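Student: Questions regarding the structure given below will be posed in turn.
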Amino acid sequence: MDLREKAAQLPLSPGVYLYKDSGGRVIYVGKAKSLRLRVRSYFSDDRLADVKTGTLISEAIDVDYILVDNEKEALALENNLIKQWQPRFNILLRDDKTYPYIKLTAEKYPRVYVTRRLRKDGATYYGPYFPGNLAHRLVHFVHRHFLVPSCKVDLTRYHPKPCLQYHIHRCLGPCVEGLTTDEAYGRAVRHVRLFLEGRHGDLAAELRVRMEAASEATRFEEAASLRDLLATAEELDERQKMAAAKGADVDIFAVYAEPPLVALNVFHLRNGQIVDRREYFWEDQEEFDEPQFFSALLKQIYLDQRYVPGIIHVPVDFEDRQALEELLSEMRNRKVEIHTPQRGQKKALLDLVGTNAKHSFDARFRVLKPSSRAIQEALQDALNLPEPPKRIECFDISHIQGTDKVASMVVWEDGRMKKSDYRKFIIRTVVGNDDFASMREVVTRRYSRLQQEKQPMPGLVLIDGGIGQLHSAAEALEAIGIINQPLASIAKREEIIYVYGQEDEPIVLDRFSPILHLVQSIRDEAHRFAVTFHRTRRNAQRLTSELDGIEGVGEKTVQRLLKHFGSSELVRAAGQEQLAAVVGQAAARRIRRHYEEQLAAKEPA
């Protein structure tokens, strides 16, 4: 039975259909109110004349289907299957990042983290936050005022002494017996919950009671601290009331396309103000159908999100808009509307987003050079960093089977490589082939020196390697008292970026991503610099050992030769007069005689 015949026998019920190729791979997933009518429509002359549909039908040898009760269920199932199978004929969301949330863990002593991945692990998640660095600012606020940490210390047992965060008053110290109590820590966590839930009025009321109690007990320093925190909570409460009166939460989408290239922008309006902008790119949209594009896009963006705005603006209407509105409204327990503005201020905002989409297209596909600040902000967003990194220091280790071990450090600063700050390291303490120990030594030496010279730390420390090298660098930093330093690594071949503290959420950027290209170029420069240094040392050692074997040539003579010629090949190629100009006639004659005897010994008798 061919596909056309099979399509004619499909039920008229709503459901999801899956086209499969000769290898049994799912190559397209779609949904329909009537499976038979929708799948049969693919065989009309008009549809077959379309390049994308014609290619799909020519490659498909089977069509499978799943029945559901209504179109809304079909929408949700279609979205899940697209994310599961990643069919190449579907429009796929090419952005691997999600929005940042704040995670309050479910432990005896809960901690707070910024995360982009929601898990069913018993933790409480707050967000999403716009812009991305807002989540980091709030977590820093929690550290400073509530003393609940984001550390990676094992809190299931006591430790002999607390880490730096306790000493700088960013943690209550539950890791050391006697520094805090379960009651005090639980109270701090309760305050964090009230703060992150936006219940600033309840938080202020509880803080006022504690402040008055501390004052009556003559604990005036504690009362003063609570007074300052109370003032902040009351201010936040007033801001929240004012923001609630400003307007609705709205997401506005616009696209610019020159098939197969597509750039999309989305603006996030919260409480009537633009708080963030996001970009998406595609390079495979040969036949760009704008309504179909937005239908697929909105489902992939919102059906798995915890938060959906009340209003979504798109430039075109699409077939299943009403069903998607109903599904999102049911999932979020409040009305969600999808509009296509035609006039007025809303249309003006849509046009503004369209202008930005055109600019994003030019910047991505016409290779315009972005500003240094734009690069830093893109790095911050892509790697989930607390602030834009103005300076990146990248390390690499080089050796041959554990011999001649060296390391390099290269520097990227304000949009370009800063070669004057490059550094070379000879590994001194590591025996054998141990890249992890070598990385610990180099990182320790570099940042111990920065501490001694009271120099600032870079915005990001980048390691050439995987999780093992990343943890080695983190251990070295922690051992010298440097905590909360942004630290990442990029693994070779897989080109996966691991950010310390978020290792279970590795960053896999699109292979066309300019941020990935930047990180790769910094990593490659560190590798080049390390390999060059390693090769130079190896050649110099080979030359030294060879010259040391020449009778009558001393150590100082060897050093002069090393300094002047730099390689064994150039010394061999030098004539007696060239050598004599460096080390004198007598030494030159000995060196030439040594090489001539070597050459004679190699010639066949």
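Following the order of the structure tokens, chains are lettered A, B, ..., residues in each are numbered from 1, and ligands are numbered from 1.
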With the cut-off set at 6 Å and counting only C-alpha atoms, tabulate each residue of region 81-107 of chain A with an atom at most that distance from an atom of region 27-48 of chain A, showing the nearest atom pair and its distance in Å to one decimal, ordered by chain and increasing number, as CSV.
Tutor:
residue,atom,partner,partner_atom,distance
A:Pro87,CA,A:Ile27,CA,4.4
A:Arg88,CA,A:Ile27,CA,5.5
A:Phe89,CA,A:Tyr28,CA,5.3
A:Asn90,CA,A:Tyr28,CA,5.7
Student: Name the residues of region 239-319 of chain A that come out as strand (DSSP E or B) in a backbone DSSP run; write them as a PyMOL selection string.
Tutor: chain A and resi 250-258+261-270+273-282+311-313
Student: Find, counting only C-alpha atoms, the residue in A:Val192, A:Leu297, A:Val582, A:Ile507 that gets nearest to Arg321 (chain A).
Tutor: A:Leu297
Student: Identify, on the basis of only C-alpha atoms, every residue whose closest approach to Leu92 (chain A) does not exceed 12 Å; exclude the query and any residue fewer than 6 positions from it along the same chain; express the result as a list in words.
Tutor: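 The filter keeps Ile27, Tyr28, Val29, Asn79, Leu81, Ile82, Lys83, Gln84, Trp85, Gln86, Tyr280, Phe281, Trp282, Glu283, Asp284, Gln285, Gln292, Phe293, Phe294, Ser295, Ala296, Leu297, Leu298, Lys299, Gln300 and Ile301 of chain A.
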Student: Give me, please, the distance in Å between CA of Arg278 (chain A) and CA of Asn356 (chain A), quoted to one decimal.
Tutor: 10.1 Å
Student: What separation in Å, quoted to one decimal, exists between CA of Gly122 (chain A) and CA of Leu383 (chain A)?
Tutor: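 Computed distance, CA of Gly122 (chain A) to CA of Leu383 (chain A), equals 25.3 Å.
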Student: Within 10 Å of region 433-443 of chain A, counting only C-alpha atoms, which residues show up once you throw out same-chain ones fewer than 6 positions away? Write them as a PyMOL selection string, please.
Tutor: chain A and resi 395-403+405-409+424-427+449+461+463-465+468-477+479
